[in-house]
Amino acid sequence: MKKTLFSLLILLGCAAPSGAQKYYEKQLQFPPQATAEEKIDMASRLVPTPQQLEWQQMELTAFLHFGINTFTGREWGDGKEDPALFNPTELDCEQWVRALKEGGFKMAIITAKHHDGFCLWPTKTTRHSVVSSPWKDGKGDVVRELRDACKKYGLKFGVYLSPWDRNAECYGQGDAYNKFFIEQLTELLTNYGEVHEVWFDGANGEGPNGKKQIYDWEAVERTIRRLQPKAVTAIMGDDVRWVGNERGIGRKTEWSATVATPNIYTRAEQQKKELGISSTSKDLGSREIVARAKELFWFPSEVDVSIRPGWFYHANEDDRVKSLAHLTDIYFKSVGYNSVLLLNIPPDRRGLIHENDCQRLKEFSAYLKETFGKDYLKQGGKRWNAQAGDSKVYAVQKGALVNTFLLQEDIAQGQRVENFTVEGYLEGSWQTLAEGTTVGYKRLVRFAECRPEKIRLTVHSTRNEAHFLRVGLFYARPIANQSTQVKLGNVPTDTWRFLDANEDIRKAFDGNTQTVWRTEGLKPLTVDMGQATDIQGFSYTPAQDDYLAGTIYKYRFEVSMDGTEWTTCTTPEEFSNIMHNPVTCFVKFEQSYRGRYFRLTPLAEIDGKSCTSVAEVGIFAATPSAEDNKN
């Protein structure tokens, strides 16, 4: 009704005055004749639903990737796994929730079904579930145990249900699979009380020659709204938007009022094409792009990242839990960039959050409390309404050492700040400490530590009057980054010789992940290691910059004694999720293969392109014996 009334005012040329309190909730369509300025005025009045606002205020939410992959060591299962492998001997969902609550997290989202199709609840739709596992004699229900634990400790509860299902026979059969999927979704949204977030992704790693399923997202959305009307829908939903990467980094300019049309709408692809944008675009809400848009959405950003390199638990990553310095930087670049942080903490094979992860969560929580528990700004909690060009001076506690400034808009009245500057009064003059663009729910800016007498905040550009809920001044103690150096292999590369490629290929094994071998076509990387050894696995590191073209998705790995006769090693044949999580991939063979030569052949690139890129490749082998060295 609000939307209809305001559209009518615009159509009649009766634009509401700048101070009028008329708002659009979640979505607005621009009248065809609306000018750029009228569109910006309307954009300033777009606001979140109560559910979206409550979601944003959580700031920290947790993903729990747990399932059959936990027991196979894979990231993406193929749906052929034996359910008997699933047997967490000490599963304790209360331990999970206690660890999350101590870490400051407000919600837990469980991977009720991942791409392998294995269900963590006793679904009626398939036997590929906990029912067919030895865990609790087939009578267990992980979803139930987590839901009960969340209720006991006061955490909100969410479910992830993978649309891509590599086990379901009906996947790719259109209506038949949509019916199957909605039945699973209905079970999850009916039998476990209130669900606060429903999370779908758009993953389908089968490629252009794999099964193609056309999802009925409108029916999915109707099911959620009917069964859980207060839940927010994420990624393949219309409440929460994927930030565009899985590295834990948001945009410095992050508009929640965005031109990005949710993918569940049939018009999404065409509208994004017209605007020239994608999920990874840097500009999703500037004046220029809003002026070209047909409609606008309150579609805030969620930043998802795992506390470990992988999303599922792998024992060889126990010493690779992200450092406190890394986690803190992620916090500043997610929550501090107007996003919600969704941090994955995968339970291990016991069914427990590993001790190393628990310890890091405690350190993380303690550091945030230490940093933001003491605000050195006087009267920063007093609301302030600001027009473009307005400044406000705040007193600072005498002698306070600071390096972090916080800004918050009252997003219940829209997101309006476009540009601001923070200055400190130091040694008799004003000095610029930091500059920024958007604010939204929360913006954190860091600067060199100093002891200002006063702080001046200047708003240079706004969309109508900006409503500041709070500002604050803090000291974030510097942390030494103690991340463990990743070992890419244990076979020295100084004697390696490359075959069938140019000299540039040395970048693929020079020990530097910042250099990249790039070539046209899907070209194999063939190497003579100089001596025979028992190869137990290998690592592949994709490009570590933003240019990911050539990243290998599907591959074949072979070894040879003479460079002529080749043996194909048994591998998963794909670097699962590498398109969104381009970190070093480690492949461990079930048996060792003896060889002097190895060949990594790309079979498919992440976007189907005909090119190849390798930042680094490494080989893992048993320590060569003296006899080996003679060969």
# chains A, B, ... in the order shown; residues from 1 in each chain; ligands from 1
call {"tool": "residues_around", "arguments": {"residues": "Tyr313 of chain A", "least_positions_apart": "2", "cutoff": "10 Å", "atoms": "only C-alpha atoms", "output": "list in words"}}
result
Leu64, His65, Phe66, Gly67, Asn69, Thr70, Phe71, Thr72, Gly73, Arg74, Glu75, Arg308, Pro309, Gly310, Trp311, Ala315, Asn316, Glu317, Asp318, Ile345, Pro346, Pro347, Asp348, Arg349, Ile353 and His354 of chain A
call {"tool": "residues_around", "arguments": {"residues": "Asn464 of chain A", "least_positions_apart": "3", "cutoff": "10 Å", "atoms": "only C-alpha atoms", "output": "list in words"}}
result
Pro17, Ser18, Gly19, Ile40, Asp41, Met42, Ala43, Ser44, Arg45, Ala386, Gln387, Ala388, Gly414, Gln415, Arg416, Val417, Ser461 and His467 of chain A
call {"tool": "write_last_selection", "arguments": {"atoms": "C-alpha atoms", "output": "CSV table (one decimal), in the first residue's frame"}}
result
chain,number,residue,atom,x,y,z
A,17,PRO,CA,9.2,17.0,0.4
A,18,SER,CA,12.6,15.8,1.6
A,19,GLY,CA,11.5,15.6,5.2
A,40,ILE,CA,17.6,8.9,-5.7
A,41,ASP,CA,14.9,10.5,-3.5
A,42,MET,CA,12.9,7.2,-3.7
A,43,ALA,CA,16.1,5.2,-3.1
A,44,SER,CA,16.6,7.1,0.2
A,45,ARG,CA,13.2,5.9,1.4
A,386,ALA,CA,22.6,15.5,9.0
A,387,GLN,CA,22.3,17.1,5.6
A,388,ALA,CA,25.0,17.1,3.0
A,414,GLY,CA,16.9,4.2,4.9
A,415,GLN,CA,20.6,4.1,3.9
A,416,ARG,CA,21.6,7.7,2.9
A,417,VAL,CA,25.2,8.6,3.6
A,461,SER,CA,27.1,13.8,0.3
A,467,HIS,CA,19.9,9.6,10.3
call {"tool": "residues_around", "arguments": {"residues": "Arg360 of chain A", "least_positions_apart": "3", "cutoff": "12 Å", "atoms": "only C-alpha atoms", "output": "list of chain:residue names"}}
result
A:Ala99, A:Leu100, A:Glu102, A:Gly103, A:Gly104, A:Ile307, A:Arg308, A:Asp318, A:Asp319, A:Arg320, A:Val321, A:Lys322, A:Ser323, A:Leu324, A:Ala325, A:His326, A:Leu327, A:Thr328, A:Ile345, A:Ile353, A:His354, A:Glu355, A:Asn356, A:Asp357, A:Glu363, A:Phe364, A:Ser365, A:Ala366, A:Tyr367
call {"tool": "residues_around", "arguments": {"residues": "Glu453 of chain A", "least_positions_apart": "2", "cutoff": "7 Å", "atoms": "only C-alpha atoms", "output": "VMD selection string"}}
result
chain A and resid 395 to 396 398 425 to 426 451
call {"tool": "closest_residue", "arguments": {"among": "A:Thr551, A:Thr111, A:Gln485, A:Thr493", "to": "Phe312 of chain A", "atoms": "only C-alpha atoms"}}
result
A:Thr111
call {"tool": "select_by_dssp", "arguments": {"residues": "segment 12-212 of chain A", "states": "strand (DSSP E)", "output": "list in words"}}
result
Tyr24, Glu25, Gln27, Leu28, Gln29, Leu46, Val47, Leu60, Thr61, Ala62, Phe63, Leu64, Met107, Ala108, Ile109, Ile110, Thr111, Ala112, Lys113, Lys156, Phe157, Gly158, Val159, Tyr160, Leu161, Glu197, Val198, Trp199 and Phe200 of chain A
call {"tool": "write_last_selection", "arguments": {"atoms": "C-alpha atoms", "output": "short mmCIF file (atom, residue, chain, number, x, y, z; two decimals), in the first residue's frame"}}
result
data_model
loop_
_atom_site.label_atom_id
_atom_site.label_comp_id
_atom_site.auth_asym_id
_atom_site.auth_seq_id
_atom_site.Cartn_x
_atom_site.Cartn_y
_atom_site.Cartn_z
CA TYR A 24 9.16 1.65 0.69
CA GLU A 25 9.66 -1.71 2.33
CA GLN A 27 11.39 -3.18 -2.97
CA LEU A 28 10.35 -0.29 -5.19
CA GLN A 29 9.71 0.14 -8.89
CA LEU A 46 13.77 2.22 0.77
CA VAL A 47 13.91 0.37 4.10
CA LEU A 60 27.76 -12.55 13.52
CA THR A 61 26.18 -15.78 12.32
CA ALA A 62 27.68 -19.25 11.99
CA PHE A 63 27.65 -21.92 9.30
CA LEU A 64 28.05 -25.56 10.34
CA MET A 107 22.62 -17.87 14.87
CA ALA A 108 23.68 -21.33 13.69
CA ILE A 109 22.91 -22.57 10.17
CA ILE A 110 23.28 -26.32 9.54
CA THR A 111 23.97 -27.95 6.16
CA ALA A 112 20.91 -30.17 6.39
CA LYS A 113 21.73 -31.43 2.88
CA LYS A 156 18.64 -18.45 16.36
CA PHE A 157 18.43 -21.40 13.98
CA GLY A 158 18.80 -21.67 10.22
CA VAL A 159 18.93 -24.40 7.60
CA TYR A 160 20.91 -24.84 4.40
CA LEU A 161 19.33 -27.12 1.81
CA GLU A 197 17.13 -18.16 7.97
CA VAL A 198 16.78 -20.43 4.94
CA TRP A 199 19.97 -20.61 2.90
CA PHE A 200 20.23 -21.81 -0.71
#
call {"tool": "residues_around", "arguments": {"residues": "Leu377 of chain A", "least_positions_apart": "6", "cutoff": "12 Å", "atoms": "only C-alpha atoms", "output": "number ranges by chain"}}
result
A: 393-402, 404-407, 424, 451-457, 470-475
call {"tool": "write_last_selection", "arguments": {"atoms": "N, CA and C atoms", "output": "JSON list (two decimals), in the first residue's frame"}}
result
[["chain", "number", "residue", "atom", "x", "y", "z"],
["A", 393, "VAL", "N", 31.14, 18.07, 15.85],
["A", 393, "VAL", "CA", 32.37, 17.90, 16.63],
["A", 393, "VAL", "C", 32.04, 17.17, 17.93],
["A", 394, "TYR", "N", 32.86, 16.17, 18.27],
["A", 394, "TYR", "CA", 32.67, 15.37, 19.47],
["A", 394, "TYR", "C", 33.90, 15.49, 20.36],
["A", 395, "ALA", "N", 33.66, 15.60, 21.65],
["A", 395, "ALA", "CA", 34.76, 15.62, 22.60],
["A", 395, "ALA", "C", 35.27, 14.19, 22.80],
["A", 396, "VAL", "N", 36.57, 14.08, 23.09],
["A", 396, "VAL", "CA", 37.21, 12.78, 23.32],
["A", 396, "VAL", "C", 37.73, 12.74, 24.74],
["A", 397, "GLN", "N", 37.65, 11.59, 25.36],
["A", 397, "GLN", "CA", 38.20, 11.45, 26.70],
["A", 397, "GLN", "C", 39.67, 11.82, 26.69],
["A", 398, "LYS", "N", 40.07, 12.58, 27.67],
["A", 398, "LYS", "CA", 41.42, 13.15, 27.70],
["A", 398, "LYS", "C", 42.50, 12.07, 27.67],
["A", 399, "GLY", "N", 43.44, 12.25, 26.75],
["A", 399, "GLY", "CA", 44.60, 11.37, 26.64],
["A", 399, "GLY", "C", 44.33, 10.02, 26.02],
["A", 400, "ALA", "N", 43.13, 9.79, 25.48],
["A", 400, "ALA", "CA", 42.78, 8.47, 24.95],
["A", 400, "ALA", "C", 43.57, 8.16, 23.67],
["A", 401, "LEU", "N", 44.13, 6.97, 23.62],
["A", 401, "LEU", "CA", 44.82, 6.48, 22.42],
["A", 401, "LEU", "C", 43.78, 5.72, 21.59],
["A", 402, "VAL", "N", 43.59, 6.14, 20.33],
["A", 402, "VAL", "CA", 42.51, 5.56, 19.50],
["A", 402, "VAL", "C", 43.03, 5.28, 18.09],
["A", 404, "THR", "N", 40.25, 3.66, 15.72],
["A", 404, "THR", "CA", 39.09, 3.10, 15.05],
["A", 404, "THR", "C", 37.87, 3.98, 15.28],
["A", 405, "PHE", "N", 37.14, 4.27, 14.20],
["A", 405, "PHE", "CA", 35.92, 5.08, 14.32],
["A", 405, "PHE", "C", 34.75, 4.27, 13.79],
["A", 406, "LEU", "N", 33.64, 4.33, 14.50],
["A", 406, "LEU", "CA", 32.42, 3.60, 14.16],
["A", 406, "LEU", "C", 31.32, 4.58, 13.78],
["A", 407, "LEU", "N", 30.57, 4.25, 12.72],
["A", 407, "LEU", "CA", 29.40, 5.02, 12.33],
["A", 407, "LEU", "C", 28.25, 4.07, 12.10],
["A", 424, "GLY", "N", 40.68, 14.53, 13.26],
["A", 424, "GLY", "CA", 41.06, 14.62, 14.66],
["A", 424, "GLY", "C", 41.76, 15.95, 14.92],
["A", 451, "ARG", "N", 46.20, 10.52, 19.63],
["A", 451, "ARG", "CA", 45.49, 10.98, 20.83],
["A", 451, "ARG", "C", 44.82, 12.32, 20.54],
["A", 452, "PRO", "N", 43.70, 12.31, 19.81],
["A", 452, "PRO", "CA", 43.05, 13.57, 19.46],
["A", 452, "PRO", "C", 42.30, 14.18, 20.64],
["A", 453, "GLU", "N", 42.22, 15.50, 20.64],
["A", 453, "GLU", "CA", 41.43, 16.18, 21.67],
["A", 453, "GLU", "C", 39.95, 16.16, 21.32],
["A", 454, "LYS", "N", 39.69, 16.25, 20.00],
["A", 454, "LYS", "CA", 38.31, 16.27, 19.50],
["A", 454, "LYS", "C", 38.25, 15.48, 18.20],
["A", 455, "ILE", "N", 37.06, 15.07, 17.84],
["A", 455, "ILE", "CA", 36.82, 14.40, 16.56],
["A", 455, "ILE", "C", 35.74, 15.19, 15.81],
["A", 456, "ARG", "N", 35.98, 15.38, 14.51],
["A", 456, "ARG", "CA", 34.97, 16.06, 13.69],
["A", 456, "ARG", "C", 34.53, 15.13, 12.56],
["A", 457, "LEU", "N", 33.23, 14.89, 12.50],
["A", 457, "LEU", "CA", 32.65, 14.07, 11.43],
["A", 457, "LEU", "C", 31.94, 15.00, 10.45],
["A", 470, "ARG", "N", 24.37, 6.26, 15.81],
["A", 470, "ARG", "CA", 25.47, 6.26, 16.77],
["A", 470, "ARG", "C", 26.79, 6.45, 16.04],
["A", 471, "VAL", "N", 27.76, 7.07, 16.73],
["A", 471, "VAL", "CA", 29.16, 7.07, 16.31],
["A", 471, "VAL", "C", 29.98, 6.70, 17.54],
["A", 472, "GLY", "N", 31.19, 6.21, 17.31],
["A", 472, "GLY", "CA", 32.02, 5.80, 18.44],
["A", 472, "GLY", "C", 33.50, 5.83, 18.09],
["A", 473, "LEU", "N", 34.33, 5.87, 19.11],
["A", 473, "LEU", "CA", 35.78, 5.96, 18.94],
["A", 473, "LEU", "C", 36.44, 4.91, 19.83],
["A", 474, "PHE", "N", 37.32, 4.09, 19.23],
["A", 474, "PHE", "CA", 37.86, 2.93, 19.95],
["A", 474, "PHE", "C", 39.35, 2.73, 19.67],
["A", 475, "TYR", "N", 39.92, 1.82, 20.45],
["A", 475, "TYR", "CA", 41.31, 1.42, 20.21],
["A", 475, "TYR", "C", 41.34, -0.08, 19.96]]
call {"tool": "atom_distance", "arguments": {"atom1": "atom CA of Ala604 of chain A", "atom2": "atom CA of Asp78 of chain A"}}
result
17.0 Å
call {"tool": "residues_around", "arguments": {"residues": "segment 136-139 of chain A", "least_positions_apart": "4", "cutoff": "9 Å", "atoms": "only C-alpha atoms", "output": "VMD selection string"}}
result
chain A and resid 87 122 129 to 132
call {"tool": "closest_residue", "arguments": {"among": "A:Pro262, A:Gly428, A:Pro524, A:Gly440", "to": "Asp238 of chain A", "atoms": "only C-alpha atoms"}}
result
A:Pro262
call {"tool": "residues_around", "arguments": {"residues": "Phe538 of chain A", "least_positions_apart": "5", "cutoff": "6 Å", "atoms": "only C-alpha atoms", "output": "ChimeraX atom specification"}}
result
/A:587,618-620
call {"tool": "closest_residue", "arguments": {"among": "A:Val439, A:Tyr597, A:Glu187, A:Gln413", "to": "Arg497 of chain A", "atoms": "only C-alpha atoms"}}
result
A:Tyr597
call {"tool": "closest_residue", "arguments": {"among": "A:Glu520, A:Glu590, A:Glu503, A:Asp329", "to": "Gly537 of chain A", "atoms": "only C-alpha atoms"}}
result
A:Glu590
